[in-house]
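Visitor: Have a peek at protein_3.cif (mmCIF, C-alpha atoms).
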```cif
data_work
loop_
_atom_site.label_atom_id
_atom_site.label_comp_id
_atom_site.auth_asym_id
_atom_site.auth_seq_id
_atom_site.Cartn_x
_atom_site.Cartn_y
_atom_site.Cartn_z
CA MET A 1 -58.49 -18.94 -12.97
CA LYS A 2 -56.73 -16.40 -10.78
CA VAL A 3 -54.16 -17.67 -8.26
CA PRO A 4 -52.57 -14.96 -6.09
CA PHE A 5 -49.10 -15.52 -4.75
CA LEU A 6 -50.48 -14.89 -1.25
CA ASP A 7 -53.85 -13.74 0.07
CA LEU A 8 -53.80 -13.09 3.82
CA SER A 9 -57.41 -11.91 3.83
CA LEU A 10 -58.68 -15.47 3.48
CA GLN A 11 -57.09 -16.62 6.72
CA HIS A 12 -57.99 -13.45 8.57
CA ARG A 13 -61.59 -13.51 7.40
CA ALA A 14 -62.04 -17.03 8.78
CA LEU A 15 -60.64 -16.00 12.18
CA ARG A 16 -62.18 -12.52 12.31
CA ALA A 17 -64.67 -13.12 15.14
CA GLN A 18 -62.08 -14.83 17.36
CA ALA A 19 -59.44 -12.21 16.58
CA LEU A 20 -61.69 -9.25 17.36
CA ALA A 21 -62.85 -10.86 20.61
CA ALA A 22 -59.23 -11.39 21.66
CA LEU A 23 -58.26 -7.83 20.75
CA THR A 24 -61.26 -6.45 22.63
CA ALA A 25 -60.27 -8.37 25.75
CA THR A 26 -56.71 -7.08 25.51
CA TYR A 27 -57.92 -3.53 24.93
CA ASP A 28 -60.36 -3.57 27.83
CA ALA A 29 -57.72 -5.01 30.19
CA THR A 30 -55.10 -2.49 28.94
CA ARG A 31 -52.54 -5.28 28.45
CA PHE A 32 -50.59 -3.31 25.85
CA CYS A 33 -46.90 -4.12 26.43
CA LEU A 34 -45.98 -7.70 27.34
CA GLY A 35 -48.62 -8.75 29.90
CA GLN A 36 -50.83 -11.82 30.19
CA ASP A 37 -51.55 -12.25 26.48
CA VAL A 38 -47.85 -12.36 25.66
CA GLU A 39 -47.09 -14.65 28.59
CA ASP A 40 -49.86 -17.00 27.47
CA PHE A 41 -48.49 -17.02 23.94
CA GLU A 42 -44.97 -17.80 25.16
CA LYS A 43 -46.25 -20.79 27.14
CA ASN A 44 -48.50 -21.98 24.32
CA PHE A 45 -45.81 -21.57 21.67
CA ALA A 46 -43.28 -23.53 23.72
CA ALA A 47 -45.75 -26.29 24.60
CA THR A 48 -47.17 -26.62 21.08
CA LEU A 49 -43.84 -26.80 19.28
CA GLY A 50 -41.71 -28.59 21.87
CA TYR A 51 -39.51 -25.83 23.29
CA PRO A 52 -38.50 -25.70 26.95
CA ARG A 53 -39.34 -22.00 27.06
CA ALA A 54 -39.83 -19.04 24.72
CA LEU A 55 -39.50 -15.26 24.81
CA ALA A 56 -41.78 -13.19 22.58
CA MET A 57 -40.26 -10.11 20.97
CA ASN A 58 -41.34 -7.20 18.81
CA SER A 59 -40.00 -8.44 15.45
CA GLY A 60 -38.11 -11.28 13.82
CA THR A 61 -35.01 -9.09 13.64
CA SER A 62 -34.91 -8.45 17.39
CA PRO A 63 -34.20 -12.01 18.58
CA LEU A 64 -31.34 -12.25 16.07
CA HIS A 65 -29.91 -9.02 17.49
CA VAL A 66 -30.40 -10.25 21.06
CA ALA A 67 -28.78 -13.61 20.25
CA CYS A 68 -25.71 -11.82 18.89
CA MET A 69 -25.55 -9.74 22.07
CA ILE A 70 -25.83 -12.82 24.28
CA ALA A 71 -23.14 -14.60 22.28
CA GLY A 72 -20.75 -11.75 23.05
CA PHE A 73 -19.92 -11.05 19.42
CA ARG A 74 -17.89 -7.86 19.11
CA PRO A 75 -15.78 -5.83 16.67
CA GLY A 76 -13.10 -8.00 15.11
CA ASP A 77 -15.16 -11.18 15.38
CA GLU A 78 -16.28 -13.02 12.27
CA ILE A 79 -19.69 -14.70 12.11
CA ILE A 80 -20.39 -17.10 9.25
CA THR A 81 -23.79 -17.26 7.60
CA SER A 82 -25.54 -17.71 4.27
CA PRO A 83 -25.48 -15.11 1.49
CA PHE A 84 -28.90 -16.35 0.31
CA THR A 85 -31.34 -15.15 2.96
CA PHE A 86 -33.24 -12.07 4.07
CA ILE A 87 -31.09 -9.20 5.27
CA SER A 88 -32.28 -9.52 8.89
CA THR A 89 -30.08 -12.59 9.26
CA VAL A 90 -26.98 -10.39 9.18
CA TRP A 91 -28.27 -7.23 10.84
CA GLY A 92 -27.57 -8.58 14.33
CA ILE A 93 -23.96 -9.28 13.36
CA SER A 94 -23.52 -5.72 12.15
CA TYR A 95 -25.43 -4.18 15.08
CA VAL A 96 -22.85 -5.57 17.53
CA GLY A 97 -19.93 -4.48 15.35
CA ALA A 98 -18.88 -7.95 14.19
CA THR A 99 -18.19 -8.89 10.56
CA PRO A 100 -20.48 -11.13 8.51
CA VAL A 101 -18.60 -13.81 6.61
CA PHE A 102 -20.51 -15.73 3.97
CA ALA A 103 -20.25 -19.36 2.95
CA ASP A 104 -21.94 -20.75 -0.14
CA ILE A 105 -25.13 -22.81 -0.07
CA GLU A 106 -26.28 -26.22 -1.26
CA ALA A 107 -28.07 -26.10 -4.60
CA GLY A 108 -30.83 -28.47 -3.50
CA THR A 109 -31.85 -27.06 -0.11
CA PHE A 110 -30.64 -23.44 -0.45
CA ASN A 111 -29.08 -23.85 3.02
CA LEU A 112 -25.47 -23.53 4.19
CA ASP A 113 -23.13 -26.09 2.67
CA PRO A 114 -21.22 -27.60 5.64
CA ALA A 115 -18.07 -28.07 3.57
CA LYS A 116 -18.07 -24.41 2.52
CA LEU A 117 -18.81 -23.42 6.10
CA ALA A 118 -15.80 -25.33 7.39
CA ALA A 119 -13.56 -23.76 4.76
CA ALA A 120 -14.63 -20.24 5.82
CA ILE A 121 -13.46 -20.59 9.43
CA THR A 122 -10.51 -18.47 10.55
CA PRO A 123 -8.97 -17.73 13.96
CA ARG A 124 -11.38 -14.78 14.19
CA THR A 125 -14.52 -16.88 13.68
CA LYS A 126 -16.72 -16.82 16.78
CA GLY A 127 -20.12 -17.99 15.58
CA ILE A 128 -22.46 -19.32 12.93
CA ILE A 129 -25.96 -18.20 12.01
CA VAL A 130 -27.72 -21.12 10.33
CA VAL A 131 -30.78 -20.29 8.23
CA HIS A 132 -33.47 -22.94 7.76
CA LEU A 133 -34.49 -21.32 4.50
CA PHE A 134 -37.99 -21.61 3.03
CA GLY A 135 -38.87 -23.95 5.93
CA GLN A 136 -36.28 -26.63 5.12
CA PRO A 137 -34.00 -27.61 8.04
CA ALA A 138 -30.28 -27.26 7.36
CA ARG A 139 -27.76 -30.10 7.88
CA MET A 140 -27.43 -29.59 11.60
CA ASP A 141 -25.40 -32.73 12.42
CA GLU A 142 -22.52 -31.62 10.21
CA ILE A 143 -22.87 -27.97 11.18
CA MET A 144 -22.89 -28.70 14.92
CA ALA A 145 -19.87 -31.00 14.59
CA ILE A 146 -17.96 -28.14 12.97
CA ALA A 147 -19.15 -25.72 15.65
CA ARG A 148 -18.08 -28.00 18.50
CA GLU A 149 -14.67 -28.57 16.93
CA HIS A 150 -14.03 -24.82 16.81
CA ASN A 151 -16.02 -23.77 19.91
CA LEU A 152 -18.44 -21.61 17.95
CA PHE A 153 -21.75 -20.15 19.15
CA VAL A 154 -24.59 -21.33 16.88
CA ILE A 155 -27.73 -19.28 16.23
CA GLU A 156 -30.53 -20.90 14.26
CA ASP A 157 -32.56 -18.46 12.14
CA CYS A 158 -35.95 -20.21 12.10
CA ALA A 159 -37.91 -17.23 10.74
CA GLN A 160 -39.32 -19.36 7.92
CA ALA A 161 -39.28 -22.72 9.73
CA VAL A 162 -41.79 -22.56 12.57
CA GLY A 163 -42.84 -26.13 13.33
CA ALA A 164 -39.98 -27.74 11.41
CA ARG A 165 -37.96 -30.57 12.97
CA TYR A 166 -34.50 -31.94 12.29
CA ARG A 167 -34.39 -35.69 12.94
CA GLY A 168 -37.35 -35.21 15.28
CA THR A 169 -35.86 -32.27 17.20
CA PRO A 170 -37.51 -28.85 16.86
CA VAL A 171 -35.29 -26.44 14.95
CA GLY A 172 -34.04 -23.69 17.22
CA THR A 173 -32.98 -25.99 20.07
CA ILE A 174 -30.13 -27.75 18.29
CA GLY A 175 -27.77 -24.79 18.41
CA ASP A 176 -27.27 -22.39 21.30
CA ALA A 177 -30.18 -20.13 20.41
CA GLY A 178 -33.09 -20.08 17.97
CA THR A 179 -35.00 -17.14 16.55
CA PHE A 180 -38.42 -16.83 14.91
CA SER A 181 -40.42 -14.26 12.99
CA PHE A 182 -44.16 -13.70 13.12
CA TYR A 183 -44.23 -11.18 10.30
CA PRO A 184 -47.71 -11.35 8.69
CA THR A 185 -46.57 -13.42 5.70
CA LYS A 186 -44.92 -16.14 7.81
CA ASN A 187 -46.48 -19.57 8.40
CA LEU A 188 -47.53 -18.28 11.81
CA GLY A 189 -48.02 -14.59 11.12
CA GLY A 190 -49.30 -11.82 13.35
CA CYS A 191 -51.13 -8.67 12.31
CA GLY A 192 -47.95 -6.66 12.50
CA GLU A 193 -44.40 -7.39 13.60
CA GLY A 194 -43.41 -10.08 16.07
CA GLY A 195 -40.72 -12.63 16.87
CA ALA A 196 -39.46 -15.08 19.46
CA PHE A 197 -36.22 -16.29 21.05
CA VAL A 198 -35.73 -19.86 22.25
CA SER A 199 -32.85 -21.76 23.84
CA ARG A 200 -32.36 -25.06 25.60
CA ARG A 201 -29.84 -23.24 27.83
CA GLU A 202 -31.67 -21.58 30.71
CA GLU A 203 -28.90 -19.07 31.40
CA LEU A 204 -29.21 -17.72 27.84
CA HIS A 205 -32.99 -17.46 28.21
CA ILE A 206 -32.58 -15.46 31.42
CA ARG A 207 -30.06 -13.13 29.81
CA ALA A 208 -32.30 -12.63 26.77
CA ARG A 209 -35.25 -11.83 29.04
CA HIS A 210 -33.21 -9.10 30.73
CA ILE A 211 -31.93 -7.67 27.46
CA ARG A 212 -35.50 -7.59 26.11
CA VAL A 213 -36.54 -5.06 28.78
CA HIS A 214 -33.72 -2.52 28.86
CA GLY A 215 -31.27 -4.86 30.59
CA SER A 216 -33.49 -4.94 33.65
CA ASP A 217 -34.95 -7.58 35.95
CA ARG A 218 -36.28 -4.98 38.40
CA ARG A 219 -37.94 -1.75 37.35
CA TYR A 220 -35.44 1.12 37.16
CA TYR A 221 -32.46 -1.16 37.91
CA HIS A 222 -30.33 -1.99 34.85
CA ASP A 223 -27.62 -4.59 35.32
CA ILE A 224 -26.61 -5.06 31.67
CA ILE A 225 -26.88 -3.14 28.40
CA GLY A 226 -30.26 -4.00 26.92
CA GLY A 227 -32.88 -2.68 24.57
CA ASN A 228 -36.61 -2.47 24.02
CA PHE A 229 -37.56 -5.71 22.30
CA ARG A 230 -40.95 -6.32 23.96
CA MET A 231 -43.91 -7.81 22.10
CA ASP A 232 -47.12 -5.80 22.41
CA GLY A 233 -50.21 -7.36 23.91
CA PHE A 234 -52.29 -7.19 20.74
CA GLN A 235 -49.80 -9.35 18.84
CA GLY A 236 -49.71 -11.87 21.68
CA ALA A 237 -53.51 -12.06 21.67
CA LEU A 238 -53.71 -12.54 17.89
CA LEU A 239 -50.97 -15.16 17.82
CA ASN A 240 -52.80 -17.10 20.53
CA VAL A 241 -55.82 -17.21 18.23
CA LYS A 242 -53.74 -18.44 15.29
CA LEU A 243 -51.38 -20.90 17.00
CA PRO A 244 -53.92 -23.77 17.34
CA HIS A 245 -54.34 -23.76 13.55
CA LEU A 246 -50.62 -23.98 12.73
CA ALA A 247 -50.44 -27.78 12.47
CA MET A 248 -53.37 -27.85 10.05
CA TRP A 249 -51.91 -25.01 7.98
CA THR A 250 -48.53 -26.75 7.88
CA ALA A 251 -50.10 -30.02 6.74
CA ARG A 252 -51.88 -28.18 3.94
CA ARG A 253 -48.65 -26.52 2.82
CA GLN A 254 -46.95 -29.90 2.76
CA ALA A 255 -49.83 -31.43 0.80
CA ILE A 256 -49.62 -28.67 -1.82
CA ALA A 257 -45.84 -29.15 -2.03
CA ALA A 258 -46.31 -32.90 -2.50
CA ARG A 259 -48.73 -32.27 -5.35
CA TYR A 260 -46.31 -29.82 -6.97
CA ARG A 261 -43.54 -32.42 -6.69
CA THR A 262 -45.56 -35.14 -8.42
CA GLY A 263 -47.30 -32.85 -10.88
CA ILE A 264 -44.67 -30.43 -12.21
CA ARG A 265 -42.93 -31.96 -15.23
CA LEU A 266 -41.47 -28.88 -16.87
CA ALA A 267 -38.18 -29.63 -18.61
CA ASP A 268 -35.17 -27.97 -16.96
CA ALA A 269 -37.15 -27.12 -13.80
CA ILE A 270 -35.37 -28.05 -10.58
CA LEU A 271 -37.72 -28.66 -7.65
CA PRO A 272 -36.79 -28.32 -3.95
CA ALA A 273 -34.79 -31.19 -2.50
CA SER A 274 -36.45 -33.56 -0.03
CA PRO A 275 -33.68 -34.71 2.34
CA ASP A 276 -34.54 -37.48 4.78
CA TYR A 277 -33.29 -35.68 7.89
CA GLY A 278 -36.16 -33.19 8.13
CA ALA A 279 -39.30 -32.32 6.22
CA SER A 280 -39.82 -28.74 5.12
CA VAL A 281 -42.76 -26.73 6.43
CA PHE A 282 -42.74 -24.95 3.06
CA HIS A 283 -42.83 -21.28 3.87
CA GLN A 284 -42.04 -21.05 0.17
CA TYR A 285 -42.09 -23.50 -2.71
CA THR A 286 -39.16 -22.27 -4.74
CA ILE A 287 -38.13 -23.84 -8.03
CA ARG A 288 -35.24 -23.04 -10.34
CA HIS A 289 -35.37 -22.64 -14.09
CA PRO A 290 -32.81 -21.23 -16.57
CA HIS A 291 -35.54 -19.10 -18.18
CA ARG A 292 -36.99 -17.92 -14.89
CA ASP A 293 -38.09 -14.47 -16.04
CA ALA A 294 -39.86 -15.80 -19.10
CA LEU A 295 -41.54 -18.45 -16.94
CA ARG A 296 -42.79 -15.72 -14.59
CA GLU A 297 -44.23 -13.79 -17.53
CA HIS A 298 -45.91 -16.97 -18.77
CA LEU A 299 -47.47 -17.61 -15.36
CA ALA A 300 -48.60 -14.01 -15.06
CA LYS A 301 -50.50 -14.40 -18.36
CA HIS A 302 -52.28 -17.32 -16.70
CA GLU A 303 -53.12 -15.04 -13.72
CA ILE A 304 -50.74 -16.82 -11.38
CA GLY A 305 -48.77 -14.75 -8.89
CA THR A 306 -45.10 -15.52 -8.24
CA ASP A 307 -42.25 -13.86 -6.37
CA LEU A 308 -38.45 -13.64 -6.55
CA ILE A 309 -36.98 -14.55 -3.16
CA TYR A 310 -34.13 -13.40 -3.12
CA PRO A 311 -32.99 -11.68 -6.34
CA VAL A 312 -29.74 -10.23 -4.94
CA PRO A 313 -27.56 -12.28 -2.56
CA LEU A 314 -26.32 -10.46 0.51
CA HIS A 315 -22.67 -10.24 -0.53
CA LEU A 316 -23.76 -8.20 -3.57
CA GLN A 317 -25.99 -5.81 -1.61
CA LYS A 318 -24.78 -2.21 -1.62
CA CYS A 319 -24.81 -2.02 2.19
CA TYR A 320 -22.10 -4.71 2.33
CA ALA A 321 -19.96 -3.43 -0.55
CA SER A 322 -17.20 -2.72 1.97
CA LEU A 323 -16.65 -6.48 2.30
CA GLY A 324 -15.27 -6.43 -1.25
CA LEU A 325 -17.11 -9.54 -2.40
CA GLY A 326 -17.92 -9.26 -6.09
CA PRO A 327 -19.87 -11.44 -8.52
CA GLY A 328 -18.58 -14.98 -8.72
CA THR A 329 -17.60 -15.19 -5.05
CA PHE A 330 -20.46 -17.54 -4.14
CA PRO A 331 -21.58 -19.13 -7.41
CA VAL A 332 -24.28 -21.42 -6.03
CA ALA A 333 -26.04 -18.59 -4.20
CA GLU A 334 -25.70 -16.33 -7.23
CA GLN A 335 -27.12 -19.01 -9.52
CA ALA A 336 -30.04 -19.50 -7.14
CA ALA A 337 -30.74 -15.76 -7.11
CA ALA A 338 -30.70 -15.68 -10.92
CA THR A 339 -32.91 -18.72 -11.51
CA CYS A 340 -35.29 -19.05 -8.53
CA VAL A 341 -39.01 -18.35 -8.66
CA SER A 342 -41.46 -19.04 -5.83
CA LEU A 343 -44.91 -20.45 -6.56
CA PRO A 344 -48.09 -19.90 -4.52
CA ILE A 345 -48.20 -22.14 -1.44
CA PHE A 346 -50.47 -20.78 1.26
CA PRO A 347 -52.95 -23.02 3.11
CA GLU A 348 -56.10 -21.49 1.67
CA LEU A 349 -55.24 -22.41 -1.92
CA THR A 350 -57.90 -24.68 -3.40
CA ASP A 351 -57.13 -27.92 -5.20
CA PRO A 352 -58.30 -26.46 -8.54
CA GLN A 353 -55.94 -23.50 -8.05
CA VAL A 354 -53.05 -25.86 -7.32
CA GLU A 355 -53.82 -27.87 -10.46
CA HIS A 356 -53.98 -24.64 -12.49
CA VAL A 357 -50.49 -23.72 -11.27
CA ILE A 358 -49.16 -27.16 -12.23
CA ALA A 359 -50.77 -27.14 -15.65
CA SER A 360 -49.56 -23.61 -16.35
CA VAL A 361 -45.98 -24.39 -15.32
CA ASN A 362 -45.97 -27.53 -17.47
CA SER A 363 -47.29 -25.61 -20.48
CA PHE A 364 -44.43 -23.10 -20.47
CA TYR A 365 -42.62 -24.55 -23.51
CA THR A 366 -45.80 -25.28 -25.46
CA THR A 367 -47.30 -21.78 -25.62
#
```
Kindly return the structure encoded in the file as structure tokens.
Guide:
Amino acid sequence: MKVPFLDLSLQHRALRAQALAALTATYDATRFCLGQDVEDFEKNFAATLGYPRALAMNSGTSPLHVACMIAGFRPGDEIITSPFTFISTVWGISYVGATPVFADIEAGTFNLDPAKLAAAITPRTKGIIVVHLFGQPARMDEIMAIAREHNLFVIEDCAQAVGARYRGTPVGTIGDAGTFSFYPTKNLGGCGEGGAFVSRREELHIRARHIRVHGSDRRYYHDIIGGNFRMDGFQGALLNVKLPHLAMWTARRQAIAARYRTGIRLADAILPASPDYGASVFHQYTIRHPHRDALREHLAKHEIGTDLIYPVPLHLQKCYASLGLGPGTFPVAEQAAATCVSLPIFPELTDPQVEHVIASVNSFYTT
């Protein structure tokens, strides 16, 4: 039985008629840049997920960049974040000339370890970017206590955590600003690039809205330095079609994860932690195993797709070699990168496919 790591065509095929009708309406009305479709998505996204307001943007990287601009990060400032995340998490820091500072992660959740975060703070520290990796909320109580003690601006990177809640509160509204990605592979994915910015602080929302459109609130009048971070109308239209299905898709991801947790019995395999402060929305189901590469080969022979997310932590990436952080600097993140493998976990997986994954993982040492 073949089990792809991800097959977007299944979701898109089911929504094809609705999607094409929405795109046709947008095309005929020439709502190509922002416009009614994007405004409708912003309102629907905020109402569906519990945000006071939302700003749609043209990628998941853009709201991170905008958040760093709003925070006032500048050259000489240090911003602490995780070394085990996608590179976009740190681009905003570099774009404004600040310096990324990494703190090691927890082995169980793959998220920032609050104790390591606290130890990384210096007089130059001005902010924290918290990543809710793979859909699992980070330990926000401890992180926010540290931030308040040191007067730090907190950005929540929720790119993989749309719909997740921390102790009942939607991720993204616990810190000062929250950012999302609607890249096609995300739990709520567009047919192209897309992202969103959220904040419980209205003044930050207003500033982000201005920055999004060239620092302007009136056409041809530019009060602040901005950029072009606008979502296009087609993406807004498509995301409006998909958004009503998100809760069902999330529930299916969680059901698959629950079956993996009860079914996988492979010796030496370490499954994702399940902390009581917030359930994961399982953008990925990532396990660790000391013979990860051999396990991947074994699963490939059983026609099961897997992925390595992320094989090289950020402090070891060539683009950040100037930070002078060599192997051994962040041992937990490095161990995760060396031993992690992600299993298929998209909503359209069938129960027989899930059982085939479980049986194949469990048979690793017997074949």
Visitor: What box, with edges along x, y and z, holds each listed atom of segment 266-284 of chain A when 6 Å is added on every side, and can you state its centre and edge lengths in Å to one decimal, as JSON?
Guide:
```
{"center_x": -38.1, "center_y": -29.3, "center_z": -5.2, "size_x": 21.5, "size_y": 28.4, "size_z": 38.7}
```
Visitor: Rounded to one decimal, what separation in Å do you get between atom CA of Ala255 of chain A and atom CA of Glu355 of chain A?
Guide: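 Atom-to-atom, atom CA of Ala255 of chain A to atom CA of Glu355 of chain A, that is 12.5 Å.
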Visitor: Selected by the PyMOL selection byres ((chain A and resi 13-30) around 9) in the shown coordinates: which residues, as a PyMOL selection string?
Guide: chain A and resi 8-12+31-33+36-37+233-235+237-238+240-242
Visitor: Written as a PyMOL selection string, which residues does the PyMOL selection byres ((chain A and resi 266-271) around 9) give for the file shown?
Guide: chain A and resi 108+260-261+264-265+272-273+285-291+361-365
Visitor: I'd like to know which of A:Ser88, A:Thr81, A:Asn44, A:Ser274 is closest to Pro100 of chain A, using all atoms listed in the file.
Guide: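 Among the listed residues, the smallest separation from Pro100 of chain A belongs to A:Thr81.
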Visitor: Show me a table, sorted first by chain and then by increasing residue number, of the residues of segment 135-170 of chain A having an atom at most 10 Å from segment 49-56 of chain A, each with its shortest atom pair and the distance in Å to one decimal, counting all atoms listed in the file and written as a Markdown table.
Guide:
```
| residue | atom | partner | partner_atom | distance |
| --- | --- | --- | --- | --- |
| A:Val162 | CA | A:Leu49 | CA | 8.2 |
| A:Gly163 | CA | A:Leu49 | CA | 6.1 |
| A:Ala164 | CA | A:Leu49 | CA | 8.8 |
| A:Arg165 | CA | A:Leu49 | CA | 9.4 |
| A:Thr169 | CA | A:Gly50 | CA | 8.3 |
| A:Pro170 | CA | A:Gly50 | CA | 6.5 |
```
Visitor: Taking 4 positions as the minimum chain separation for residues in the same chain, which residues sit within 10 Å of Ile143 of chain A when counting all atoms listed in the file? Answer as a list in words.
Guide: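 Counting all atoms listed in the file, the residues come to Leu112, Asp113, Pro114, Ala115, Leu117, Ala118, Ile128, Val130, Ala138, Arg139, Ala147, Arg148, Val154 and Gly175 of chain A.
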Visitor: Using only C-alpha atoms, determine which residues lie at most 10 Å from Asp77 of chain A, disregarding the query and same-chain residues fewer than 6 positions distant; provide the list as a VMD selection string.
Guide: chain A and resid 93 96 to 101 122 to 127
Visitor: Pick out the closest residue to Gly328 of chain A from this set: A:Thr48, A:Pro244, A:Asp157, A:Asp104. Count all atoms listed in the file.
Guide: A:Asp104
Visitor: Here's the selection I'm unsure about, the PyMOL selection byres ((chain A and resi 85) around 8); applied to the file above, which residues does it give, as number ranges by chain?
Guide: A: 82-84, 86-87, 89, 131, 133, 310, 313-314
Visitor: Will you model N, CA and C atoms for segment 145-168 of chain A and pass it back as a compact mmCIF listing (two decimals), keeping the file's coordinate frame?
Guide:
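Result file follows (part-v4.txt):
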```txt
# COMPACT_ATOMS: atom_id res chain seq x y z
N ALA A 145 -21.18 -30.38 14.41
CA ALA A 145 -19.87 -31.00 14.59
C ALA A 145 -18.75 -29.99 14.32
N ILE A 146 -18.93 -29.19 13.28
CA ILE A 146 -17.96 -28.14 12.97
C ILE A 146 -17.91 -27.11 14.09
N ALA A 147 -19.09 -26.72 14.59
CA ALA A 147 -19.15 -25.72 15.65
C ALA A 147 -18.47 -26.22 16.92
N ARG A 148 -18.70 -27.46 17.29
CA ARG A 148 -18.08 -28.00 18.50
C ARG A 148 -16.56 -28.08 18.36
N GLU A 149 -16.12 -28.46 17.16
CA GLU A 149 -14.67 -28.57 16.93
C GLU A 149 -13.97 -27.23 17.13
N HIS A 150 -14.66 -26.14 16.75
CA HIS A 150 -14.03 -24.82 16.81
C HIS A 150 -14.60 -23.93 17.92
N ASN A 151 -15.44 -24.50 18.78
CA ASN A 151 -16.02 -23.77 19.91
C ASN A 151 -16.76 -22.52 19.45
N LEU A 152 -17.69 -22.72 18.53
CA LEU A 152 -18.44 -21.61 17.95
C LEU A 152 -19.87 -21.57 18.50
N PHE A 153 -20.38 -20.37 18.70
CA PHE A 153 -21.75 -20.15 19.15
C PHE A 153 -22.67 -20.25 17.93
N VAL A 154 -23.71 -21.08 18.03
CA VAL A 154 -24.59 -21.33 16.88
C VAL A 154 -25.97 -20.74 17.13
N ILE A 155 -26.39 -19.86 16.22
CA ILE A 155 -27.73 -19.28 16.23
C ILE A 155 -28.49 -19.87 15.06
N GLU A 156 -29.68 -20.38 15.32
CA GLU A 156 -30.53 -20.90 14.26
C GLU A 156 -31.58 -19.84 13.89
N ASP A 157 -31.56 -19.39 12.65
CA ASP A 157 -32.56 -18.46 12.14
C ASP A 157 -33.72 -19.31 11.61
N CYS A 158 -34.78 -19.38 12.42
CA CYS A 158 -35.95 -20.21 12.10
C CYS A 158 -37.12 -19.35 11.64
N ALA A 159 -36.85 -18.16 11.11
CA ALA A 159 -37.91 -17.23 10.74
C ALA A 159 -38.92 -17.87 9.79
N GLN A 160 -38.44 -18.75 8.91
CA GLN A 160 -39.32 -19.36 7.92
C GLN A 160 -39.61 -20.83 8.25
N ALA A 161 -39.24 -21.28 9.44
CA ALA A 161 -39.28 -22.72 9.73
C ALA A 161 -40.04 -23.06 11.01
N VAL A 162 -41.03 -22.26 11.37
CA VAL A 162 -41.79 -22.56 12.57
C VAL A 162 -42.49 -23.91 12.41
N GLY A 163 -42.27 -24.79 13.38
CA GLY A 163 -42.84 -26.13 13.33
C GLY A 163 -41.96 -27.18 12.69
N ALA A 164 -40.86 -26.78 12.08
CA ALA A 164 -39.98 -27.74 11.41
C ALA A 164 -39.13 -28.50 12.45
N ARG A 165 -38.77 -29.73 12.09
CA ARG A 165 -37.96 -30.57 12.97
C ARG A 165 -36.80 -31.17 12.17
N TYR A 166 -35.68 -31.28 12.86
CA TYR A 166 -34.50 -31.94 12.29
C TYR A 166 -34.30 -33.25 13.02
N ARG A 167 -34.48 -34.36 12.32
CA ARG A 167 -34.39 -35.69 12.94
C ARG A 167 -35.23 -35.77 14.21
N GLY A 168 -36.41 -35.17 14.16
CA GLY A 168 -37.35 -35.21 15.28
C GLY A 168 -37.19 -34.12 16.30
```
